[in-house]
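Colleague: This is the structure I want to talk about, given as structure tokens.
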Amino acid sequence: MSGLLVLTAVPAEAEAIQAGLADPTVAVVPVGVGPAVAGAATARLLALAELAGRPYRAVVSAGVAGGFAGRVAVGGTVLGSRAIAADLGAESPDGFIPIDDLGMPAELLGGGSTLDADPALLAALRTAIPTATVGPVLTVSTVTGTTAGTDELIRRYPDAVAEAMEGYGVAVAASQAGVPFVELRTVSNPIGPRDRDAWRMRDALTALTAAATALR
Ligand SMILES: O=C(O)c1cccc(C(=O)CC[C@H]2O[C@@H](n3cnc4c(=O)[nH]cnc43)[C@H](O)[C@@H]2O)c1
């Protein structure tokens, strides 16, 4: 059995995590941006490790994220209680319809649009990072950049604390491989009207390094 597999989107996130790791058995791999590339890469890494007889113990989707104002501050840390594919579904004149409500057979939905974090893995990280905000993390294919878009997400997912672009893809790959999953994010920007000047990437990467000590 190998250790933990941590997937980030970009190399800067992977380097920030490497800088804080206390456990040398943890593998950190930057796999790209968005749920499709993250899911495909995770599935491949899990399958290769399994074929080599060294399956990973658990999978963590990690990196920076947008945070919902009032729930988590920029520079704060988030542990995802579940990964939600927030834009997987259909539009209608009456609003967004989640994929789960479209009448498709359950086996075609890969577990549905919401995949829970592994309870034991989440509990261990909560203990190790007591300051983290815990709650659902949305996975989106488009970074939210308007007030209307932000309000709509809050209406549909009132408990969500953050959004990012990879968690659900990684969670599907982990679920299909039967490997525990959790999402760890640090907040680089508030979710809201697009304002690149408001992004605090350095603060988020510093927080990621601090949180990485909990990965073991
Ligand atoms: O808008 C830009 O100009 C821009 C330039 C560089 C990178 C980006 C990204 O959107 C990076 C997305 C990347 O970071 C995560 N992330 C961080 N904040 C958010 C967010 O508010 N909503 C969704 N994803 C976010 C995400 O997981 C990607 O890996 C934009």
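Following the order of the structure tokens, chains are lettered A, B, ..., residues in each are numbered from 1, and ligands are numbered from 1.
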Taking only C-alpha atoms and all ligand atoms into account, which residues are within 10 Å of ligand 1, as a PyMOL selection string?
Modeller: chain A and resi 8-10+13+30-35+38+61-68+138-145+162-167+185-197+199-201+204
Colleague: Dump C-alpha atoms for the selected residues as an mmCIF file, in the first residue's frame?
Modeller:
```cif
data_model
loop_
_atom_site.group_PDB
_atom_site.id
_atom_site.type_symbol
_atom_site.label_atom_id
_atom_site.label_comp_id
_atom_site.auth_asym_id
_atom_site.auth_seq_id
_atom_site.Cartn_x
_atom_site.Cartn_y
_atom_site.Cartn_z
ATOM 1 C CA THR A 8 -3.409 19.857 -7.532
ATOM 2 C CA ALA A 9 -4.291 21.784 -10.674
ATOM 3 C CA VAL A 10 -1.046 23.720 -11.178
ATOM 4 C CA GLU A 13 -0.021 24.593 -5.701
ATOM 5 C CA PRO A 30 -0.117 18.715 -10.517
ATOM 6 C CA VAL A 31 -2.555 17.389 -13.113
ATOM 7 C CA GLY A 32 -4.215 20.407 -14.719
ATOM 8 C CA VAL A 33 -7.230 22.664 -14.442
ATOM 9 C CA GLY A 34 -10.856 21.550 -14.550
ATOM 10 C CA PRO A 35 -12.831 18.444 -13.563
ATOM 11 C CA ALA A 38 -8.250 16.183 -13.017
ATOM 12 C CA SER A 61 -7.952 17.191 -4.228
ATOM 13 C CA ALA A 62 -6.021 20.257 -3.070
ATOM 14 C CA GLY A 63 -5.327 23.806 -4.170
ATOM 15 C CA VAL A 64 -6.668 27.319 -4.123
ATOM 16 C CA ALA A 65 -10.336 28.223 -4.367
ATOM 17 C CA GLY A 66 -12.869 31.007 -4.322
ATOM 18 C CA GLY A 67 -14.625 31.427 -0.974
ATOM 19 C CA PHE A 68 -18.206 32.512 -0.306
ATOM 20 C CA LEU A 138 -18.658 23.314 -5.441
ATOM 21 C CA THR A 139 -16.893 22.174 -8.597
ATOM 22 C CA VAL A 140 -17.527 24.498 -11.543
ATOM 23 C CA SER A 141 -16.214 24.537 -15.099
ATOM 24 C CA THR A 142 -16.505 28.330 -15.264
ATOM 25 C CA VAL A 143 -15.156 30.575 -12.490
ATOM 26 C CA THR A 144 -18.108 32.520 -11.098
ATOM 27 C CA GLY A 145 -17.667 36.197 -11.982
ATOM 28 C CA ALA A 162 -16.128 27.502 -1.592
ATOM 29 C CA GLU A 163 -15.853 26.791 -5.304
ATOM 30 C CA ALA A 164 -13.000 25.369 -7.340
ATOM 31 C CA MET A 165 -12.670 23.421 -10.582
ATOM 32 C CA GLU A 166 -11.341 19.925 -9.869
ATOM 33 C CA GLY A 167 -12.815 18.338 -6.732
ATOM 34 C CA ARG A 185 -8.636 24.201 -0.326
ATOM 35 C CA THR A 186 -7.226 27.547 0.680
ATOM 36 C CA VAL A 187 -8.998 30.684 -0.425
ATOM 37 C CA SER A 188 -7.334 32.957 -2.982
ATOM 38 C CA ASN A 189 -10.337 35.142 -3.782
ATOM 39 C CA PRO A 190 -13.904 35.931 -2.802
ATOM 40 C CA ILE A 191 -16.566 34.533 -5.127
ATOM 41 C CA GLY A 192 -18.294 37.449 -6.807
ATOM 42 C CA PRO A 193 -17.931 40.003 -9.584
ATOM 43 C CA ARG A 194 -14.724 39.244 -11.459
ATOM 44 C CA ASP A 195 -11.840 41.250 -9.958
ATOM 45 C CA ARG A 196 -8.419 39.764 -10.594
ATOM 46 C CA ASP A 197 -6.827 42.452 -8.394
ATOM 47 C CA TRP A 199 -6.985 37.597 -5.787
ATOM 48 C CA ARG A 200 -4.447 36.913 -3.014
ATOM 49 C CA MET A 201 -2.622 33.968 -4.502
ATOM 50 C CA ALA A 204 -3.545 31.175 -0.342
#
```
Colleague: Write down as an mmCIF file with N, CA and C atoms, in the first residue's frame the residues of range 95-202 of chain A whose backbone DSSP state falls under helix (DSSP H, G or I).
Modeller:
```
data_model
loop_
_atom_site.group_PDB
_atom_site.id
_atom_site.type_symbol
_atom_site.label_atom_id
_atom_site.label_comp_id
_atom_site.auth_asym_id
_atom_site.auth_seq_id
_atom_site.Cartn_x
_atom_site.Cartn_y
_atom_site.Cartn_z
ATOM 1 N N ILE A 99 -28.246 17.198 -12.473
ATOM 2 C CA ILE A 99 -28.200 15.956 -13.245
ATOM 3 C C ILE A 99 -28.996 14.836 -12.558
ATOM 4 N N ASP A 100 -29.004 14.845 -11.227
ATOM 5 C CA ASP A 100 -29.713 13.798 -10.460
ATOM 6 C C ASP A 100 -31.221 13.831 -10.710
ATOM 7 N N ASP A 101 -31.731 14.994 -11.123
ATOM 8 C CA ASP A 101 -33.178 15.149 -11.277
ATOM 9 C C ASP A 101 -33.631 14.993 -12.726
ATOM 10 N N ALA A 106 -29.312 5.595 -12.193
ATOM 11 C CA ALA A 106 -28.276 5.965 -11.220
ATOM 12 C C ALA A 106 -26.882 5.525 -11.674
ATOM 13 N N GLU A 107 -26.817 4.331 -12.356
ATOM 14 C CA GLU A 107 -25.481 3.824 -12.719
ATOM 15 C C GLU A 107 -24.803 4.716 -13.776
ATOM 16 N N LEU A 108 -25.568 5.589 -14.430
ATOM 17 C CA LEU A 108 -24.959 6.491 -15.409
ATOM 18 C C LEU A 108 -24.476 7.789 -14.776
ATOM 19 N N PRO A 119 -15.571 9.942 5.721
ATOM 20 C CA PRO A 119 -15.741 10.481 7.076
ATOM 21 C C PRO A 119 -14.476 10.416 7.937
ATOM 22 N N ALA A 120 -13.752 9.300 7.875
ATOM 23 C CA ALA A 120 -12.567 9.158 8.729
ATOM 24 C C ALA A 120 -11.449 10.109 8.289
ATOM 25 N N LEU A 121 -11.281 10.226 6.962
ATOM 26 C CA LEU A 121 -10.249 11.121 6.420
ATOM 27 C C LEU A 121 -10.580 12.570 6.771
ATOM 28 N N LEU A 122 -11.845 12.927 6.622
ATOM 29 C CA LEU A 122 -12.279 14.288 6.946
ATOM 30 C C LEU A 122 -12.077 14.571 8.438
ATOM 31 N N ALA A 123 -12.459 13.613 9.263
ATOM 32 C CA ALA A 123 -12.324 13.805 10.715
ATOM 33 C C ALA A 123 -10.855 13.984 11.106
ATOM 34 N N ALA A 124 -9.971 13.207 10.497
ATOM 35 C CA ALA A 124 -8.543 13.309 10.826
ATOM 36 C C ALA A 124 -8.006 14.693 10.441
ATOM 37 N N LEU A 125 -8.427 15.198 9.269
ATOM 38 C CA LEU A 125 -7.934 16.515 8.836
ATOM 39 C C LEU A 125 -8.549 17.635 9.663
ATOM 40 N N ARG A 126 -9.807 17.450 10.087
ATOM 41 C CA ARG A 126 -10.453 18.457 10.959
ATOM 42 C C ARG A 126 -9.686 18.594 12.259
ATOM 43 N N THR A 127 -9.246 17.452 12.780
ATOM 44 C CA THR A 127 -8.490 17.478 14.033
ATOM 45 C C THR A 127 -7.142 18.155 13.826
ATOM 46 N N ALA A 128 -6.519 17.863 12.695
ATOM 47 C CA ALA A 128 -5.179 18.404 12.431
ATOM 48 C C ALA A 128 -5.221 19.880 12.037
ATOM 49 N N THR A 147 -22.383 38.958 -9.756
ATOM 50 C CA THR A 147 -23.216 38.902 -8.550
ATOM 51 C C THR A 147 -24.379 37.948 -8.761
ATOM 52 N N ALA A 148 -24.964 37.991 -9.958
ATOM 53 C CA ALA A 148 -26.102 37.105 -10.235
ATOM 54 C C ALA A 148 -25.692 35.637 -10.143
ATOM 55 N N GLY A 149 -24.519 35.325 -10.698
ATOM 56 C CA GLY A 149 -24.043 33.937 -10.645
ATOM 57 C C GLY A 149 -23.761 33.498 -9.215
ATOM 58 N N THR A 150 -23.191 34.398 -8.440
ATOM 59 C CA THR A 150 -22.891 34.088 -7.037
ATOM 60 C C THR A 150 -24.187 33.850 -6.261
ATOM 61 N N ASP A 151 -25.158 34.749 -6.460
ATOM 62 C CA ASP A 151 -26.436 34.622 -5.737
ATOM 63 C C ASP A 151 -27.153 33.327 -6.102
ATOM 64 N N GLU A 152 -27.069 32.960 -7.374
ATOM 65 C CA GLU A 152 -27.727 31.730 -7.829
ATOM 66 C C GLU A 152 -27.087 30.501 -7.162
ATOM 67 N N LEU A 153 -25.758 30.493 -7.070
ATOM 68 C CA LEU A 153 -25.085 29.365 -6.406
ATOM 69 C C LEU A 153 -25.468 29.293 -4.927
ATOM 70 N N ILE A 154 -25.543 30.452 -4.279
ATOM 71 C CA ILE A 154 -25.916 30.462 -2.842
ATOM 72 C C ILE A 154 -27.356 29.973 -2.677
ATOM 73 N N ARG A 155 -28.218 30.352 -3.621
ATOM 74 C CA ARG A 155 -29.616 29.888 -3.543
ATOM 75 C C ARG A 155 -29.688 28.369 -3.696
ATOM 76 N N ARG A 156 -28.917 27.846 -4.671
ATOM 77 C CA ARG A 156 -28.985 26.396 -4.926
ATOM 78 C C ARG A 156 -28.228 25.582 -3.892
ATOM 79 N N GLY A 167 -12.465 19.298 -7.786
ATOM 80 C CA GLY A 167 -12.815 18.338 -6.732
ATOM 81 C C GLY A 167 -13.726 17.208 -7.173
ATOM 82 N N TYR A 168 -14.818 17.554 -7.848
ATOM 83 C CA TYR A 168 -15.774 16.509 -8.234
ATOM 84 C C TYR A 168 -15.135 15.499 -9.194
ATOM 85 N N GLY A 169 -14.300 15.973 -10.121
ATOM 86 C CA GLY A 169 -13.639 15.054 -11.055
ATOM 87 C C GLY A 169 -12.736 14.076 -10.328
ATOM 88 N N VAL A 170 -11.975 14.594 -9.370
ATOM 89 C CA VAL A 170 -11.096 13.732 -8.570
ATOM 90 C C VAL A 170 -11.937 12.764 -7.739
ATOM 91 N N ALA A 171 -13.043 13.273 -7.203
ATOM 92 C CA ALA A 171 -13.905 12.433 -6.354
ATOM 93 C C ALA A 171 -14.523 11.279 -7.150
ATOM 94 N N VAL A 172 -14.904 11.520 -8.399
ATOM 95 C CA VAL A 172 -15.465 10.443 -9.227
ATOM 96 C C VAL A 172 -14.411 9.355 -9.445
ATOM 97 N N ALA A 173 -13.197 9.774 -9.767
ATOM 98 C CA ALA A 173 -12.121 8.787 -9.990
ATOM 99 C C ALA A 173 -11.854 7.987 -8.718
ATOM 100 N N ALA A 174 -11.819 8.671 -7.584
ATOM 101 C CA ALA A 174 -11.568 7.980 -6.311
ATOM 102 C C ALA A 174 -12.709 7.021 -5.985
ATOM 103 N N SER A 175 -13.931 7.482 -6.208
ATOM 104 C CA SER A 175 -15.098 6.651 -5.911
ATOM 105 C C SER A 175 -15.084 5.376 -6.761
ATOM 106 N N GLN A 176 -14.763 5.530 -8.048
ATOM 107 C CA GLN A 176 -14.772 4.358 -8.930
ATOM 108 C C GLN A 176 -13.650 3.386 -8.596
ATOM 109 N N ALA A 177 -12.576 3.906 -8.012
ATOM 110 C CA ALA A 177 -11.463 3.033 -7.603
ATOM 111 C C ALA A 177 -11.649 2.511 -6.175
ATOM 112 N N ARG A 196 -9.697 40.474 -10.734
ATOM 113 C CA ARG A 196 -8.419 39.764 -10.594
ATOM 114 C C ARG A 196 -7.507 40.426 -9.563
ATOM 115 N N ASP A 197 -7.682 41.753 -9.365
ATOM 116 C CA ASP A 197 -6.827 42.452 -8.394
ATOM 117 C C ASP A 197 -7.129 42.016 -6.966
ATOM 118 N N ALA A 198 -8.305 41.407 -6.767
ATOM 119 C CA ALA A 198 -8.687 40.970 -5.413
ATOM 120 C C ALA A 198 -8.125 39.590 -5.076
ATOM 121 N N MET A 201 -3.191 35.297 -4.246
ATOM 122 C CA MET A 201 -2.622 33.968 -4.502
ATOM 123 C C MET A 201 -1.512 33.639 -3.503
ATOM 124 N N ARG A 202 -0.679 34.624 -3.176
ATOM 125 C CA ARG A 202 0.444 34.351 -2.264
ATOM 126 C C ARG A 202 -0.101 33.914 -0.888
#
```
Colleague: Could you pull out all residues of range 87-195 of chain A with a DSSP call of strand (DSSP E) and give them as a list in words?
Modeller: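 Assigned to strand (DSSP E), within range 87-195 of chain A: Gly89, Ala90, Ile97, Pro98, Thr114, Leu115, Asp116, Thr133, Val134, Gly135, Pro136, Val137, Leu138, Thr139, Ala162, Glu163, Ala164, Phe181, Val182, Glu183, Leu184, Arg185, Thr186, Val187, Ser188, Asn189 and Pro190 of chain A.
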Colleague: For the residues in that selection, give me C-alpha atoms as a compact mmCIF listing (two decimals), in the first residue's frame.
Modeller:
```
# COMPACT_ATOMS: atom_id res chain seq x y z
CA GLY A 89 -27.35 19.38 -15.31
CA ALA A 90 -29.73 21.24 -17.57
CA ILE A 97 -32.02 21.19 -13.01
CA PRO A 98 -29.27 19.08 -11.36
CA THR A 114 -22.66 15.08 -4.98
CA LEU A 115 -19.90 12.87 -3.60
CA ASP A 116 -19.23 12.85 0.14
CA THR A 133 -14.00 25.83 7.65
CA VAL A 134 -15.83 22.59 6.86
CA GLY A 135 -18.60 22.39 4.27
CA PRO A 136 -19.55 21.50 0.72
CA VAL A 137 -17.17 22.65 -2.01
CA LEU A 138 -18.66 23.31 -5.44
CA THR A 139 -16.89 22.17 -8.60
CA ALA A 162 -16.13 27.50 -1.59
CA GLU A 163 -15.85 26.79 -5.30
CA ALA A 164 -13.00 25.37 -7.34
CA PHE A 181 -11.48 11.06 -0.95
CA VAL A 182 -11.37 14.50 0.60
CA GLU A 183 -10.90 18.06 -0.71
CA LEU A 184 -8.54 20.59 0.89
CA ARG A 185 -8.64 24.20 -0.33
CA THR A 186 -7.23 27.55 0.68
CA VAL A 187 -9.00 30.68 -0.42
CA SER A 188 -7.33 32.96 -2.98
CA ASN A 189 -10.34 35.14 -3.78
CA PRO A 190 -13.90 35.93 -2.80
```
Colleague: With distances taken over only C-alpha atoms, which residue among A:Ala83, A:Val37, A:Val74, A:Tyr157 lies nearest Phe96 in chain A?
Modeller: A:Tyr157
Colleague: What is the distance between CA of Leu109 in chain A and CA of Ala86 in chain A, in Å to one decimal?
Modeller: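 Interatomic distance, CA of Leu109 in chain A to CA of Ala86 in chain A: 13.9 Å.
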Colleague: So that I can check the surroundings of Ala207 in chain A, please list as a list of chain:residue names every protein, DNA and RNA residue that reaches within 8 Å of it, counting only C-alpha atoms and ignoring chain neighbours fewer than 3 positions away.
Modeller: A:Gly75, A:Gly76, A:Thr77, A:Thr186, A:Asp203, A:Ala204, A:Ala210, A:Ala211
Colleague: Counting only C-alpha atoms, figure out which residue out of A:Val26, A:Arg54, A:Ala117, A:Ala47 gets nearest to Ser2 in chain A.
Modeller: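 That would be A:Arg54, the residue with the smallest distance to Ser2 in chain A.
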Colleague: Could you work out how far CA of Ala43 in chain A lies from CA of Gly80 in chain A, giving the answer in Å with one decimal?
Modeller: 20.0 Å
Colleague: Which polymer residues have any atom within 6 Å of an atom of Ala58 in chain A, counting only C-alpha atoms, with same-chain residues fewer than 3 positions away left out, as a ChimeraX atom specification?
Modeller: /A:4,179-181
Colleague: Could you please take those selected residues and save C-alpha atoms as an mmCIF file, in the first residue's frame?
Modeller:
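So selection-v3.cif came out as:
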```cif
data_model
loop_
_atom_site.group_PDB
_atom_site.id
_atom_site.type_symbol
_atom_site.label_atom_id
_atom_site.label_comp_id
_atom_site.auth_asym_id
_atom_site.auth_seq_id
_atom_site.Cartn_x
_atom_site.Cartn_y
_atom_site.Cartn_z
ATOM 1 C CA LEU A 4 -1.670 9.533 0.189
ATOM 2 C CA VAL A 179 -10.390 4.898 -2.554
ATOM 3 C CA PRO A 180 -11.262 7.425 0.215
ATOM 4 C CA PHE A 181 -11.478 11.055 -0.949
#
```
Colleague: Between CA of Gly110 in chain A and CA of Arg82 in chain A, what is the distance, to one decimal in Å?
Modeller: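 One can read the CA of Gly110 in chain A to CA of Arg82 in chain A distance as 14.5 Å.
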Colleague: Taking into account only C-alpha atoms, which residue in the set A:Val29, A:Leu79, A:Val6, A:Ala212 is nearest to Val60 in chain A?
Modeller: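 Answer, going by the shortest atom-to-atom distance: A:Val6.
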